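The structure under discussion appears below in the form of structure tokens.
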Amino acid sequence: MSKMKGAQAVIKCLQEEGVELIFGYPGGAVIDLYDELCRSSIRHILVRHEQGAVHAADGFARSTGKVGVALLTSGPGATNGVTAIATAYCDSIPLVVLTGQVPRALIGNDAFQEVDIVGITRPCTKHNYLVYDPEELIPTLREAFYLAASGRPGPVLVDLPKDIINAMVTYPPKSSIKMQTYQPNVNPHPNQVEKACRACVKAKRPVLFVGGGVILSGANEELTHLARRLNIPVAMTLMGLGGFPGSDPLSLGMLGMHGGYAANMAVAKSDLLIAVGARFSDRVTGRLDAFAPQAKIIHIDIDPSSISKNVVVDIPIVADCKLALRAMNDWLDKSEEFDSRETAEQHSPWVEQVKEWESNHPLTYVENGEIIKPQYVIETLNRLTGGDCIITTEVGQNQMWTAQFYKFNHPRRLLTSGGLGTMGYGLPAAIGAQMAFPGVTVIDVAGDGSIQMNIQELATAKECGAQVKIAILNNNYLGMVRQWQELFYNRHYASTVMEITPDFVALAHAYGAVGLRAKTKSEVEPVIKEALATKNVVIMDFAIAREEGVFPMVPAGKATTEMLLV
Amino acid sequence: MKHTLSVLLRNRPGALSRVTGLFSGRCFNIESLCVAETYDPQISCLTLVTKGEAAIIEQITKQLHKLIDVIKVTDVSEGEFVEREMALIRVKAEANTRAEVLRIIDIFRGKVVDVSPNSYALEITGSESKIKAVIDILRPIGIKEIVRTGKIAMVRAPKK
């Protein structure tokens with residue numbers, strides 16, 4: 001078998017895994033890797049902070065479905081990546097994060113830029129490795145890619161001591177990976193599929209409850225087919241948006257804390273809840289004992305530990321969502337006992353009831369003359385982009401208004417930090433998505449608070465030609481916390497007022513980007529149109545109604561039927 | 001309720017901390033933990049005693065399975081099993097109690113493993129309840145130090 005320098009072997013292995021883009025930041029421990037990387041066909045995007053590198057790789061992964069790759073140096077380089085690794089972990093996003101490490105002889109000596117990154121990231125990676133044997137370098141990297149992408153995906157970190165990168169290593173031929181201790185079950189059990197189908201046919205008030213697993217497994221077509229053939233309304237989690245077309249009449253949009261009235265009521269009154277790739281997060285269920293109290297629960301998930309974790313499940317199906325939904329559709333196709341059209345007909349009074357809730361309490365907001373309402377900005381973005389661009393968000397009100405008012409009709413079009421709720425995610429993730437899809441409009445919907453958490457990535461966007469558009473919903477507040485303070489803390493706005501906010505238009509200019517500002521409602525549409533037509537990075541600064549809230553809202557610890565409405 | 005879990009895991013650096021980190025990170029309880037190599041040096045066996053309702057134990061088992069280094073998890077307390085624990089107990093042994101200590105340890109089939117002018121170190125092996133019984137009986141004599149291994153367990157083989 002041929003021997004080559006570790007750094008060369010790493011790059012060769014990355015190419016073999018199909019990697020074309022890496023996001024990273026160099027440093028002493030990875031200087032040899034960079035030396036090889038920048039001679040190879042792989043494109044490297046130099047970020048301005050390591051958190052940005054991992055978020056950008058995450059944005060690339062979410063938008064493409066491929067494994068995102070980030071390369072960081074040892075010590076602070078690695079620790080700066082931790083928030084972004086945890087972000088990917090909470091949303092099951094496939095990443096391989098390569099970190100440099102001090103030479104093996106120095107590990108444990110408190111060497112310069114040494115940190116136990118494997119120890120630090122153990123609880124926020126799917127798995128991680130410290131390569132200690134040069135001969136294990138390539139097998140470990142291959143295993144990392146396999147782990148990241150298979151089963152329930154997730155980030156995998158590989159820590160590479162500097163002397164391993166410099167050692168001569170064997171480059172073994174590629175073979176299929178078999179791991180004794182890791183064999184995710186992807187095929188649904190036929191008996192469970194039959195039970196689930198029978199429950200769907202029997203139900204009077206079924207609801208599909210769709211999470212990010214549908215998008216990760218690419219099950220949107222199977223899901224849409226099932227929902228339409230059986231006439232079942234579909235509620236989605238934040239991570240599930242786009243898994244079912246948002247403008248379909250059966251779509252109830254998002255459920256949970258800021259979900260629609262109809263979505264939350266439908267779940268509360270349902271007699272069958274079909275959860276697909278969702279994990280019953282507290283933001284979705286509200287008070288657990290009042291969540292879908294009359295419903296029998298079917299739960300399709302590839303991760304057995306998600307089943308009956310928060311809510312006791314009646315019919316579990318441990319499988320890949322796509323394969324499970326396909327099996328359900330096949331069973332219904334073959335069934336001589338049941339006719340899908342009859343079932344659809346039988347569900348129609350329930351669908352009418354749900355529609356009535358929706359028309360009585362639609363997602364709405366109160367217009368106020370020329371004052372810009374943030375919801376209007378999102379609606380206008382939706383209209384002017386035809387609902388067909390990639391949207392990233394930061395975290396907080398901007399994220400919830402986007403989830404409510406942008407109609408996602410396709411999967412992988414909303415990139416947002418759902419589980420961890422990481423402010424500062426949106427801009428670097430938008431860069432990652434833009435690099436994957438240079439021809440598609442990518443918009444980061446931001447707040448004036450969260451955009452400042454990774455604003456330095458404007459330079460990255462300019463440098464790599466990612467012409468992302470940033471829509472800042474600027475209210476000079478940390479708006480979501482302010483909203484909680486308004487509602488539950490007697491308007492005591494403790495540390496949520498941003499007294500100093502930069503002039504974002506001037507800031508855009510400083511980075512060589514374009515800055516546009518809208519202060520009145522009638523300026524919103526021209527600003528968005530101009531931004532969409534501009535071949536450059538653009539910041540749109542919208543001065544929105546300062547104390548606008550996100551509604552409906554289920555207060556923490558309440559039942560999801562106890563919604564505060566507009 | 002107490003459960004004894006037997007966990008086979010790859011004998012790799014950091015594997016044990018993945019297990020203990022899982023317990024601390026999710027606020028699961030560990031009463032005792034005992035780990036050593038199996039007949040296959042690539043594989044370690046970890047015996048862990050934990051406490052919790054059925055749903056918690058189910059989560060613990062599933063979360064353990066999810067760790068890449070974990071090969072197999074068995075809740076041995078679900079069926080018939082043999083459990084053993086070893087304790088080293090240093091007990092006061094003055095002229096007036098030396099004979100008494102020896103009699104007690106003989107009854108429990110223990111051994112004296114270290115002797116000094118005023119103490120004995122005793123080795124005792126058995127179930128948790130037996131160890132407790134020895135400790136209770138020796139306590140009035142004066143226990144100076146106890147070191148316990150924690151429980152190890154094995155499922156009983158089918159008898160037919």
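Just remember, in the structure tokens the first chain shown is A, the second B, etc., residues are 1-based per chain, and ligands are 1-based in the order shown.
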ask   = Which of segment 302-508 of chain A counts as strand (DSSP E or B) under DSSP, as a VMD selection string please?
value = chain A and resid 315 to 318 372 390 to 393 414 to 415 442 to 447 469 to 474 477 497
Output file for the selection above: C-alpha atoms, as a PDB file, in the first residue's frame:
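File produced: out_16.pdb:
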```pdb
ATOM      1  CA  ILE A 315     -47.316   2.724  17.695  1.00  0.00           C
ATOM      2  CA  PRO A 316     -43.564   3.271  17.380  1.00  0.00           C
ATOM      3  CA  ILE A 317     -41.836   2.772  14.024  1.00  0.00           C
ATOM      4  CA  VAL A 318     -38.059   2.908  14.296  1.00  0.00           C
ATOM      5  CA  ILE A 372     -43.247  48.974   9.268  1.00  0.00           C
ATOM      6  CA  ILE A 390     -33.230  29.957   0.616  1.00  0.00           C
ATOM      7  CA  ILE A 391     -33.977  31.715   3.874  1.00  0.00           C
ATOM      8  CA  THR A 392     -31.730  31.565   6.896  1.00  0.00           C
ATOM      9  CA  THR A 393     -32.661  33.173  10.166  1.00  0.00           C
ATOM     10  CA  LEU A 414     -35.367  27.233   5.631  1.00  0.00           C
ATOM     11  CA  LEU A 415     -32.070  27.034   7.488  1.00  0.00           C
ATOM     12  CA  VAL A 442     -30.197  33.486  -0.178  1.00  0.00           C
ATOM     13  CA  ILE A 443     -31.643  35.804   2.452  1.00  0.00           C
ATOM     14  CA  ASP A 444     -30.699  35.979   6.116  1.00  0.00           C
ATOM     15  CA  VAL A 445     -33.619  37.325   8.138  1.00  0.00           C
ATOM     16  CA  ALA A 446     -31.984  38.875  11.179  1.00  0.00           C
ATOM     17  CA  GLY A 447     -32.598  41.032  14.187  1.00  0.00           C
ATOM     18  CA  LYS A 469     -28.997  39.479   1.281  1.00  0.00           C
ATOM     19  CA  ILE A 470     -29.509  40.367   4.928  1.00  0.00           C
ATOM     20  CA  ALA A 471     -32.865  41.704   6.097  1.00  0.00           C
ATOM     21  CA  ILE A 472     -32.463  43.221   9.549  1.00  0.00           C
ATOM     22  CA  LEU A 473     -35.727  43.669  11.429  1.00  0.00           C
ATOM     23  CA  ASN A 474     -34.380  46.501  13.524  1.00  0.00           C
ATOM     24  CA  TYR A 477     -34.343  45.634  21.261  1.00  0.00           C
ATOM     25  CA  VAL A 497     -32.608  47.722  25.086  1.00  0.00           C
TER      26      VAL A 497
END
```
Can you list every residue of chain B that has an atom at most 9 Å from chain A, with its nearest atom pair and the distance in Å to one decimal, using only C-alpha atoms, ordered by chain then number, as CSV?
```
residue,atom,partner,partner_atom,distance
B:Leu9,CA,A:Thr181,CA,8.6
B:Arg10,CA,A:Thr181,CA,8.4
B:Gly14,CA,A:Gly119,CA,8.0
B:Ser17,CA,A:Gly119,CA,8.5
B:Arg18,CA,A:Arg122,CA,6.9
B:Gly21,CA,A:Pro123,CA,7.2
B:Leu22,CA,A:Pro123,CA,7.3
B:Gly25,CA,A:Pro123,CA,7.7
B:Ala55,CA,A:Lys309,CA,7.8
B:Ile56,CA,A:Lys309,CA,8.7
B:Glu58,CA,A:Ser305,CA,8.5
B:Gln59,CA,A:Ser305,CA,6.3
B:Ile60,CA,A:Ser305,CA,8.8
B:Thr61,CA,A:Ser305,CA,8.6
B:Lys62,CA,A:Ser305,CA,5.1
B:Gln63,CA,A:Ser305,CA,6.0
B:His65,CA,A:Thr181,CA,8.6
B:Lys66,CA,A:Ser305,CA,7.7
B:Leu67,CA,A:His127,CA,7.7
B:Ile68,CA,A:Thr181,CA,6.0
B:Asp69,CA,A:Thr181,CA,6.5
B:Val70,CA,A:Thr181,CA,6.2
B:Ile71,CA,A:Thr181,CA,4.8
B:Lys72,CA,A:Thr181,CA,8.0
```
Writer output for current selection, C-alpha atoms, as an mmCIF file, in the first residue's frame:
```cif
data_model
loop_
_atom_site.group_PDB
_atom_site.id
_atom_site.type_symbol
_atom_site.label_atom_id
_atom_site.label_comp_id
_atom_site.auth_asym_id
_atom_site.auth_seq_id
_atom_site.Cartn_x
_atom_site.Cartn_y
_atom_site.Cartn_z
ATOM 1 C CA LEU B 9 -18.098 -1.346 25.311
ATOM 2 C CA ARG B 10 -15.118 -0.954 23.051
ATOM 3 C CA GLY B 14 -12.541 8.021 26.432
ATOM 4 C CA SER B 17 -16.167 9.059 30.005
ATOM 5 C CA ARG B 18 -18.778 8.865 27.245
ATOM 6 C CA GLY B 21 -20.803 11.973 30.752
ATOM 7 C CA LEU B 22 -24.109 10.672 29.463
ATOM 8 C CA GLY B 25 -25.392 15.326 31.357
ATOM 9 C CA ALA B 55 -39.302 5.157 31.681
ATOM 10 C CA ILE B 56 -35.963 6.484 32.977
ATOM 11 C CA GLU B 58 -35.662 2.759 29.183
ATOM 12 C CA GLN B 59 -34.094 6.126 28.313
ATOM 13 C CA ILE B 60 -30.804 5.166 29.968
ATOM 14 C CA THR B 61 -30.690 1.935 27.984
ATOM 15 C CA LYS B 62 -31.533 3.655 24.695
ATOM 16 C CA GLN B 63 -29.096 6.499 25.248
ATOM 17 C CA HIS B 65 -27.074 2.099 22.923
ATOM 18 C CA LYS B 66 -26.701 5.323 20.979
ATOM 19 C CA LEU B 67 -23.075 5.740 22.052
ATOM 20 C CA ILE B 68 -20.862 4.526 19.238
ATOM 21 C CA ASP B 69 -18.492 2.763 21.651
ATOM 22 C CA VAL B 70 -21.273 0.733 23.279
ATOM 23 C CA ILE B 71 -21.749 -2.782 21.918
ATOM 24 C CA LYS B 72 -24.508 -4.169 24.109
#
```
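For the set A:Val47, A:Glu336, A:Thr285, A:Tyr425, the residue with the smallest atom-to-atom gap to Ala86 of chain A is A:Tyr425, counting only C-alpha atoms.
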key: Exercise: Ser127 of chain B partners within 10 Å, only C-alpha atoms, chain neighbours under 6 positions left out, as an MDAnalysis selection string   = chainID B and resid 82:86 133 151:153
request  = To one decimal in Å, tell me the separation between atom CA of Val96 of chain A and atom CA of Leu21 of chain A.
outcome  = 12.0 Å
query = Which is closest to Ala99 of chain B among B:Asn11, B:Ile30, B:Ser44, B:Ile141, if we use only C-alpha atoms?
reply = B:Ile141
key: 8 Å contact set for segment 222-225 of chain A, only C-alpha atoms, chain neighbours under 5 positions out, as a PyMOL selection string   = chain A and resi 214+243-245+322+325-326+329
task = Give me every alpha helix (DSSP H) residue in segment 9-160 of chain B, going by DSSP on the backbone, as a ChimeraX atom specification.
result = /B:15-25,54-66,98-107,128-138
Could you pull the residues within 8 Å of segment 152-159 of chain A, counting only C-alpha atoms, minus those fewer than 6 positions along the same chain, as a CSV table (one decimal) with C-alpha atoms, in the first residue's frame?
```csv
chain,number,residue,atom,x,y,z
A,85,ILE,CA,-21.0,22.2,16.6
A,88,ALA,CA,-25.6,21.2,14.3
A,89,TYR,CA,-25.9,18.4,17.0
A,91,ASP,CA,-30.7,19.8,14.7
A,92,SER,CA,-29.0,16.5,13.6
A,93,ILE,CA,-27.0,18.1,10.8
A,94,PRO,CA,-24.2,16.0,9.2
A,95,LEU,CA,-20.8,17.7,9.6
A,96,VAL,CA,-17.2,16.6,9.8
A,97,VAL,CA,-15.2,19.1,11.8
A,98,LEU,CA,-11.4,18.7,11.6
A,99,THR,CA,-9.4,20.3,14.4
A,100,GLY,CA,-5.7,20.6,14.7
A,101,GLN,CA,-4.0,19.4,17.9
A,117,ILE,CA,-11.5,19.3,22.4
A,118,VAL,CA,-12.5,15.7,22.3
A,121,THR,CA,-17.3,18.2,22.4
A,125,THR,CA,-21.1,15.5,18.8
A,126,LYS,CA,-22.5,12.3,17.5
A,127,HIS,CA,-19.0,10.9,18.0
A,128,ASN,CA,-15.5,12.2,18.1
A,129,TYR,CA,-12.0,11.0,17.6
A,130,LEU,CA,-8.4,11.9,18.6
A,131,VAL,CA,-6.2,10.2,16.0
A,140,THR,CA,-11.0,7.2,11.1
A,141,LEU,CA,-11.8,10.0,8.6
A,144,ALA,CA,-16.3,10.0,10.5
A,145,PHE,CA,-18.0,10.7,7.2
A,302,ILE,CA,-34.8,6.6,13.2
A,303,ASP,CA,-33.6,7.2,16.7
```
request  = For each of B:Arg12, B:Lys159, B:Arg148, B:Arg98, take the minimum atom-to-atom distance to Ile135 of chain B, counting only C-alpha atoms, then give the residue where this is smallest.
outcome  = B:Arg148
key: Residue contacts of Lys529 of chain A (12 Å, only C-alpha atoms) excluding same-chain residues fewer than 6 positions away, as a ChimeraX atom specification   = /A:377,380-385,469,516,518,523,538,540
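Nearest to Arg139 of chain B of all the residues B:Val91, B:Cys45, B:Val112, B:Val7 is B:Val91, based on only C-alpha atoms.
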message = Could you list, as a ChimeraX atom specification, every residue within 7 Å of Gly212 of chain A, counting only C-alpha atoms and ignoring same-chain residues fewer than 6 positions away?
response = /A:239-240,277-278
May I have the selected residues written with N, CA and C atoms, as a CSV table (one decimal), in the first residue's frame?
```
chain,number,residue,atom,x,y,z
A,239,MET,N,-38.4,22.9,12.5
A,239,MET,CA,-37.4,22.1,11.7
A,239,MET,C,-38.1,21.4,10.5
A,240,GLY,N,-39.4,21.2,10.6
A,240,GLY,CA,-40.2,20.5,9.6
A,240,GLY,C,-40.7,21.4,8.5
A,277,GLY,N,-40.5,12.0,12.2
A,277,GLY,CA,-39.2,12.7,12.3
A,277,GLY,C,-39.3,13.9,13.2
A,278,ALA,N,-40.1,13.8,14.2
A,278,ALA,CA,-40.2,14.9,15.2
A,278,ALA,C,-39.9,14.4,16.6
```
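When only C-alpha atoms are used to measure the gap to Glu100 of chain B, the shortest distance among B:Ser116, B:Pro140, B:Leu46, B:Glu128 belongs to B:Pro140.
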